[in-house]
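K.L.:
Handing over input24.pdb, PDB, C-alpha atoms.
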ATOM      1  CA  MET C   1       5.364 -16.464  11.149
ATOM      2  CA  ILE C   2       9.012 -17.621  11.058
ATOM      3  CA  LYS C   3       8.679 -18.341   7.320
ATOM      4  CA  LYS C   4       7.459 -14.786   6.727
ATOM      5  CA  ILE C   5      10.363 -13.286   8.652
ATOM      6  CA  VAL C   6      12.867 -15.473   6.752
ATOM      7  CA  PHE C   7      11.219 -14.378   3.491
ATOM      8  CA  ILE C   8      11.634 -10.696   4.440
ATOM      9  CA  PHE C   9      15.311 -11.230   5.256
ATOM     10  CA  ILE C  10      15.859 -12.962   1.901
ATOM     11  CA  VAL C  11      14.181 -10.054   0.097
ATOM     12  CA  VAL C  12      16.320  -7.552   2.041
ATOM     13  CA  PHE C  13      19.456  -9.540   1.149
ATOM     14  CA  VAL C  14      18.562  -9.594  -2.557
ATOM     15  CA  ILE C  15      17.736  -5.879  -2.522
ATOM     16  CA  SER C  16      20.983  -5.025  -0.742
ATOM     17  CA  SER C  17      22.926  -7.005  -3.346
ATOM     18  CA  PHE C  18      21.341  -4.784  -6.035
ATOM     19  CA  SER C  19      22.496  -1.718  -4.123
ATOM     20  CA  ASN C  20      26.060  -3.038  -4.192
ATOM     21  CA  LEU C  21      25.797  -3.172  -7.986
ATOM     22  CA  GLY C  22      24.748   0.480  -8.049
ATOM     23  CA  PHE C  23      21.055  -0.011  -8.891
ATOM     24  CA  ALA C  24      19.337   0.794  -5.572
ATOM     25  CA  ASP C  25      17.691   4.182  -5.215
ATOM     26  CA  ASP C  26      15.564   4.154  -2.131
ATOM     27  CA  ILE C  27      15.023   1.760   0.776
ATOM     28  CA  LYS C  28      12.582   2.964   3.409
ATOM     29  CA  GLY C  29      10.739   1.591   6.361
ATOM     30  CA  TYR C  30       8.924   2.717   9.441
ATOM     31  CA  MET C  31       6.651   1.349  12.130
ATOM     32  CA  ILE C  32       3.846   2.778  14.187
ATOM     33  CA  PRO C  33       3.794   1.561  17.796
ATOM     34  CA  GLU C  34       0.763   2.342  19.891
ATOM     35  CA  TYR C  35      -0.499   2.173  23.452
ATOM     36  CA  TYR C  36      -4.223   1.546  23.691
ATOM     37  CA  SER C  37      -6.741   1.600  26.508
ATOM     38  CA  VAL C  38     -10.409   0.713  26.038
ATOM     39  CA  LEU C  39     -12.244   2.682  28.732
ATOM     40  CA  SER C  40     -15.734   1.624  27.687
ATOM     41  CA  HIS C  41     -17.269  -0.514  24.994
ATOM     42  CA  HIS C  42     -20.834  -1.081  23.830
ATOM     43  CA  GLU C  43     -20.616  -4.856  24.457
ATOM     44  CA  GLY C  44     -19.895  -4.404  28.164
ATOM     45  CA  GLU C  45     -18.014  -7.132  30.023
ATOM     46  CA  ASP C  46     -18.178  -9.636  27.137
ATOM     47  CA  GLY C  47     -16.325  -7.273  24.814
ATOM     48  CA  ILE C  48     -12.950  -5.600  25.137
ATOM     49  CA  GLU C  49     -13.811  -3.088  27.851
ATOM     50  CA  GLY C  50     -10.936  -2.446  30.246
ATOM     51  CA  GLU C  51      -8.237  -3.886  27.997
ATOM     52  CA  HIS C  52      -5.007  -1.972  27.476
ATOM     53  CA  GLY C  53      -1.568  -2.662  26.127
ATOM     54  CA  LEU C  54       1.063  -2.017  23.491
ATOM     55  CA  TRP C  55       0.999  -3.138  19.889
ATOM     56  CA  LEU C  56       2.478  -2.386  16.519
ATOM     57  CA  ARG C  57      -0.332  -0.941  14.446
ATOM     58  CA  ARG C  58       1.616  -1.063  11.166
ATOM     59  CA  ILE C  59       5.078  -1.794   9.820
ATOM     60  CA  TYR C  60       6.113  -0.673   6.331
ATOM     61  CA  PHE C  61       9.188  -1.678   4.347
ATOM     62  CA  GLY C  62       9.680  -0.486   0.798
ATOM     63  CA  TYR C  63      12.197  -0.469  -2.003
ATOM     64  CA  ASN C  64      12.144   1.830  -5.042
ATOM     65  CA  THR C  65      14.660   1.602  -7.849
ATOM     66  CA  LYS C  66      15.336   3.250 -11.177
ATOM     67  CA  LEU C  67      16.294   0.445 -13.545
ATOM     68  CA  SER C  68      17.012   2.732 -16.524
ATOM     69  CA  ASP C  69      15.931   6.096 -17.914
ATOM     70  CA  LYS C  70      12.573   4.559 -18.874
ATOM     71  CA  PHE C  71      11.986   1.826 -16.261
ATOM     72  CA  SER C  72      11.522   1.970 -12.489
ATOM     73  CA  ALA C  73      10.149  -0.512  -9.959
ATOM     74  CA  ARG C  74       8.646  -0.537  -6.491
ATOM     75  CA  VAL C  75       8.096  -3.242  -3.873
ATOM     76  CA  ARG C  76       6.444  -2.407  -0.565
ATOM     77  CA  PHE C  77       5.484  -4.730   2.280
ATOM     78  CA  GLU C  78       3.042  -3.973   5.065
ATOM     79  CA  MET C  79       2.489  -5.816   8.307
ATOM     80  CA  ASN C  80      -0.346  -4.922  10.639
ATOM     81  CA  SER C  81      -1.824  -6.133  13.880
ATOM     82  CA  ALA C  82      -4.953  -8.215  13.985
ATOM     83  CA  PRO C  83      -8.046  -6.991  15.840
ATOM     84  CA  PHE C  84      -8.344  -7.439  19.595
ATOM     85  CA  ASN C  85      -8.114 -10.927  21.092
ATOM     86  CA  GLU C  86      -5.833 -12.214  18.322
ATOM     87  CA  ASP C  87      -2.096 -12.682  18.657
ATOM     88  CA  LYS C  88      -1.184 -12.437  14.972
ATOM     89  CA  MET C  89       0.389  -9.889  12.677
ATOM     90  CA  TYR C  90      -0.444 -10.088   9.001
ATOM     91  CA  LEU C  91       2.229  -9.581   6.334
ATOM     92  CA  TYR C  92       1.310  -8.825   2.749
ATOM     93  CA  VAL C  93       2.596  -7.117  -0.378
ATOM     94  CA  LYS C  94       1.198  -3.575  -0.510
ATOM     95  CA  ASN C  95       2.822  -2.550  -3.817
ATOM     96  CA  ALA C  96       4.795  -4.423  -6.456
ATOM     97  CA  HIS C  97       4.937  -2.761  -9.824
ATOM     98  CA  LEU C  98       7.052  -1.923 -12.832
ATOM     99  CA  LYS C  99       6.708   1.565 -14.354
ATOM    100  CA  TYR C 100       7.607   2.528 -17.910
ATOM    101  CA  LYS C 101       7.927   6.191 -18.928
ATOM    102  CA  LEU C 102       5.932   7.039 -22.058
ATOM    103  CA  GLY C 103       7.416  10.380 -23.060
ATOM    104  CA  LYS C 104       7.810  13.210 -20.533
ATOM    105  CA  ALA C 105       4.448  13.159 -18.750
ATOM    106  CA  ALA C 106       2.870   9.696 -19.081
ATOM    107  CA  ASN C 107       3.623   6.396 -17.365
ATOM    108  CA  LEU C 108       2.551   2.829 -18.047
ATOM    109  CA  ILE C 109       2.361   0.900 -14.763
ATOM    110  CA  CYS C 110       1.846  -2.854 -14.309
ATOM    111  CA  GLY C 111       1.524  -4.804 -11.058
ATOM    112  CA  ILE C 112      -0.042  -4.225  -7.645
ATOM    113  CA  ILE C 113      -0.789  -0.495  -7.656
ATOM    114  CA  ASP C 114      -3.183   1.992  -6.107
ATOM    115  CA  PRO C 115      -6.207   2.489  -8.372
ATOM    116  CA  PRO C 116      -7.309   5.971  -9.491
ATOM    117  CA  SER C 117      -9.897   6.058  -6.714
ATOM    118  CA  PHE C 118      -7.053   6.226  -4.186
ATOM    119  CA  ASN C 119      -3.797   7.450  -5.705
ATOM    120  CA  LYS C 120      -4.527  11.153  -5.158
ATOM    121  CA  VAL C 121      -6.889  10.859  -2.164
ATOM    122  CA  GLU C 122      -4.358   9.100   0.071
ATOM    123  CA  LYS C 123      -1.623  11.616  -0.762
ATOM    124  CA  PHE C 124      -4.017  14.450   0.096
ATOM    125  CA  TRP C 125      -5.209  12.676   3.282
ATOM    126  CA  ALA C 126      -1.581  12.123   4.377
ATOM    127  CA  HIS C 127      -2.554  10.452   7.655
ATOM    128  CA  ARG C 128      -3.246   6.874   6.532
ATOM    129  CA  TYR C 129      -1.307   5.577   9.517
ATOM    130  CA  LEU C 130      -3.923   7.142  11.819
ATOM    131  CA  GLU C 131      -7.090   6.261   9.924
ATOM    132  CA  LYS C 132      -8.153   5.026   6.522
ATOM    133  CA  THR C 133      -9.497   7.487   3.991
ATOM    134  CA  PRO C 134     -13.321   7.596   3.867
ATOM    135  CA  ALA C 135     -13.265   5.820   0.485
ATOM    136  CA  ASP C 136     -11.317   2.919   2.033
ATOM    137  CA  LEU C 137     -13.169   2.941   5.368
ATOM    138  CA  PHE C 138     -16.592   2.650   3.713
ATOM    139  CA  LYS C 139     -15.352   0.074   1.161
ATOM    140  CA  PHE C 140     -15.915   2.287  -1.906
ATOM    141  CA  ALA C 141     -13.080   0.344  -3.508
ATOM    142  CA  SER C 142      -9.906  -1.411  -2.460
ATOM    143  CA  SER C 143      -6.794   0.686  -1.917
ATOM    144  CA  ARG C 144      -4.764  -1.678  -4.162
ATOM    145  CA  ASP C 145      -5.417  -3.792  -7.215
ATOM    146  CA  PHE C 146      -3.375  -5.883  -9.619
ATOM    147  CA  GLY C 147      -3.600  -4.382 -13.066
ATOM    148  CA  LEU C 148      -2.301  -2.202 -15.870
ATOM    149  CA  ALA C 149      -2.618   1.608 -15.827
ATOM    150  CA  ILE C 150      -1.732   4.691 -17.837
ATOM    151  CA  ASP C 151      -1.101   7.740 -15.665
ATOM    152  CA  SER C 152      -0.424  11.196 -17.092
ATOM    153  CA  LYS C 153      -0.238  14.892 -16.342
ATOM    154  CA  THR C 154      -0.223  17.474 -19.124
ATOM    155  CA  LYS C 155       1.541  20.853 -19.091
ATOM    156  CA  GLY C 156      -1.844  22.580 -18.794
ATOM    157  CA  GLY C 157      -2.584  20.757 -15.507
ATOM    158  CA  LEU C 158      -4.932  18.064 -16.821
ATOM    159  CA  VAL C 159      -4.339  14.766 -15.024
ATOM    160  CA  TYR C 160      -5.831  11.420 -15.900
ATOM    161  CA  THR C 161      -5.468   7.760 -15.053
ATOM    162  CA  LEU C 162      -6.989   4.776 -16.850
ATOM    163  CA  MET C 163      -6.644   1.326 -15.301
ATOM    164  CA  TYR C 164      -7.751  -2.235 -15.962
ATOM    165  CA  GLY C 165      -7.461  -4.550 -12.959
ATOM    166  CA  ASN C 166      -8.558  -7.792 -11.319
ATOM    167  CA  TYR C 167     -10.841  -5.966  -8.851
ATOM    168  CA  GLY C 168      -9.513  -8.317  -6.213
ATOM    169  CA  SER C 169      -7.333  -5.999  -4.112
ATOM    170  CA  ASN C 170      -3.754  -7.262  -3.747
ATOM    171  CA  LYS C 171      -4.898 -10.871  -3.497
ATOM    172  CA  GLY C 172      -4.424 -13.539  -6.152
ATOM    173  CA  GLU C 173      -6.522 -13.814  -9.282
ATOM    174  CA  ASP C 174      -9.919 -15.413  -8.585
ATOM    175  CA  ASN C 175     -11.493 -14.792 -12.031
ATOM    176  CA  LYS C 176     -14.689 -13.403 -10.444
ATOM    177  CA  GLY C 177     -14.692 -10.170 -12.391
ATOM    178  CA  LYS C 178     -12.511  -7.339 -13.585
ATOM    179  CA  GLY C 179     -12.541  -3.622 -12.999
ATOM    180  CA  PHE C 180     -12.080  -0.564 -15.154
ATOM    181  CA  TYR C 181     -11.011   2.566 -13.331
ATOM    182  CA  GLY C 182     -10.712   6.101 -14.570
ATOM    183  CA  ARG C 183      -9.926   9.524 -13.199
ATOM    184  CA  VAL C 184      -9.771  12.923 -14.851
ATOM    185  CA  GLY C 185      -8.842  16.050 -12.978
ATOM    186  CA  TYR C 186      -7.026  19.334 -12.923
ATOM    187  CA  GLU C 187      -4.001  20.219 -10.821
ATOM    188  CA  GLY C 188      -3.237  23.919 -10.830
ATOM    189  CA  LYS C 189      -0.542  25.870  -9.102
TER     190      LYS C 189
END
Mind turning the file's structure into structure tokens?
P.N.:
Amino acid sequence: MIKKIVFIFIVVFVISSFSNLGFADDIKGYMIPEYYSVLSHHEGEDGIEGEHGLWLRRIYFGYNTKLSDKFSARVRFEMNSAPFNEDKMYLYVKNAHLKYKLGKAANLICGIIDPPSFNKVEKFWAHRYLEKTPADLFKFASSRDFGLAIDSKTKGGLVYTLMYGNYGSNKGEDNKGKGFYGRVGYEGK
């Protein structure tokens, strides 16, 4: 745990040094504390019935920067609490990508990104900190994947995303298969 905290401080130091050079655009973070009380539970006395306490459900820390007129980058960390009866918090990279502008409406994105199955749903849902979207909750697909995507919106309102990824969430490459994602839609006024 100490190594993870030291790593975060090193990342913050490096990011703040970029801001001193005039490159930083956006540094954000927030946390969601929670009080819980389990009044009843289907497992009875052997389960978690009667437990209560305080915990940090999630902690987010992110950095967005515009590197040039064509390039931008994003790094976002998430830390969340383990299930009951564990005393750990898990830290992982939620986003880490480089975006290249292809003209006025299209982007080429490479890194850990949200696949087309989630990038519009989670923005519409807007309450991810309370509960996962149904697509994530029922394991339709992972909310992140490492890959390469083209994302675009035309003047007429047509939106599309094509992505090729590891199909391994934000974990390392395991060479067990790859995923092709696609989304076509319409966004009107």
K.L.:
Figure out the distance between atom CA of C:Tyr181 and atom CA of C:Val121, please, to one decimal in Å.
P.N.:
14.5 Å
K.L.:
Could you tell me which residues the PyMOL selection byres ((chain C and resi 73-90) around 10) returns for this structure, as a ChimeraX atom specification?
P.N.:
/C:1,4,8,11,26-32,47-48,51,55-67,71-72,91-100,109-113
K.L.:
Between C:His127, C:His52, C:Lys104, C:Arg144, which is the closest to C:Gly168 once you count only C-alpha atoms?
P.N.:
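Ranked by minimum distance to C:Gly168, first place goes to C:Arg144.
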K.L.:
Find the distance between atom CA of C:Ala105 and atom CA of C:Leu148 and write it in Å to one decimal.
P.N.:
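Atom CA of C:Leu148 lies at a distance of 17.0 Å from atom CA of C:Ala105.
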K.L.:
Could you check how far atom CA of C:Gly188 sits from atom CA of C:Ser142, in Å to one decimal?
P.N.:
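Computed distance, atom CA of C:Gly188 to atom CA of C:Ser142, equals 27.5 Å.
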K.L.:
Take every atom of stretch 148-153 of chain C listed in the file, fit an axis-aligned box around them, add 6 Å per side, and give the centre and edge lengths in Å to one decimal as JSON.
P.N.:
{"center_x": -1.4, "center_y": 6.3, "center_z": -16.8, "size_x": 14.4, "size_y": 29.1, "size_z": 14.2}
K.L.:
Give as JSON, numbers by chain each residue that has an atom at most 10 Å from (-7.5, -2.9, -18.0) in the file, counting all atoms listed in the file.
P.N.:
{"C": [146, 147, 148, 149, 150, 162, 163, 164, 165, 166, 178, 179, 180, 181]}
K.L.:
Give as a VMD selection string each residue that has an atom at most 9 Å from (1.5, 17.0, -16.8) in the file, counting only C-alpha atoms.
P.N.:
chain C and resid 104 to 106 152 to 159 187
K.L.:
Quick one: which residues end up in the PyMOL selection byres ((chain C and resi 38) around 8) for this structure, as a PyMOL selection string?
P.N.:
chain C and resi 36-37+39-41+48-52
K.L.:
Mind checking which residues fall within 10 Å of C:Glu122, counting all atoms listed in the file, ignoring those fewer than 3 positions away in the same chain, and posting them as a PyMOL selection string?
P.N.:
chain C and resi 114+117-119+125-128+132-136+143
K.L.:
Taking only C-alpha atoms into account, name the residue in C:Phe140, C:Phe124, C:Tyr35, C:Tyr186 that is nearest to C:Tyr167.
P.N.:
C:Phe140
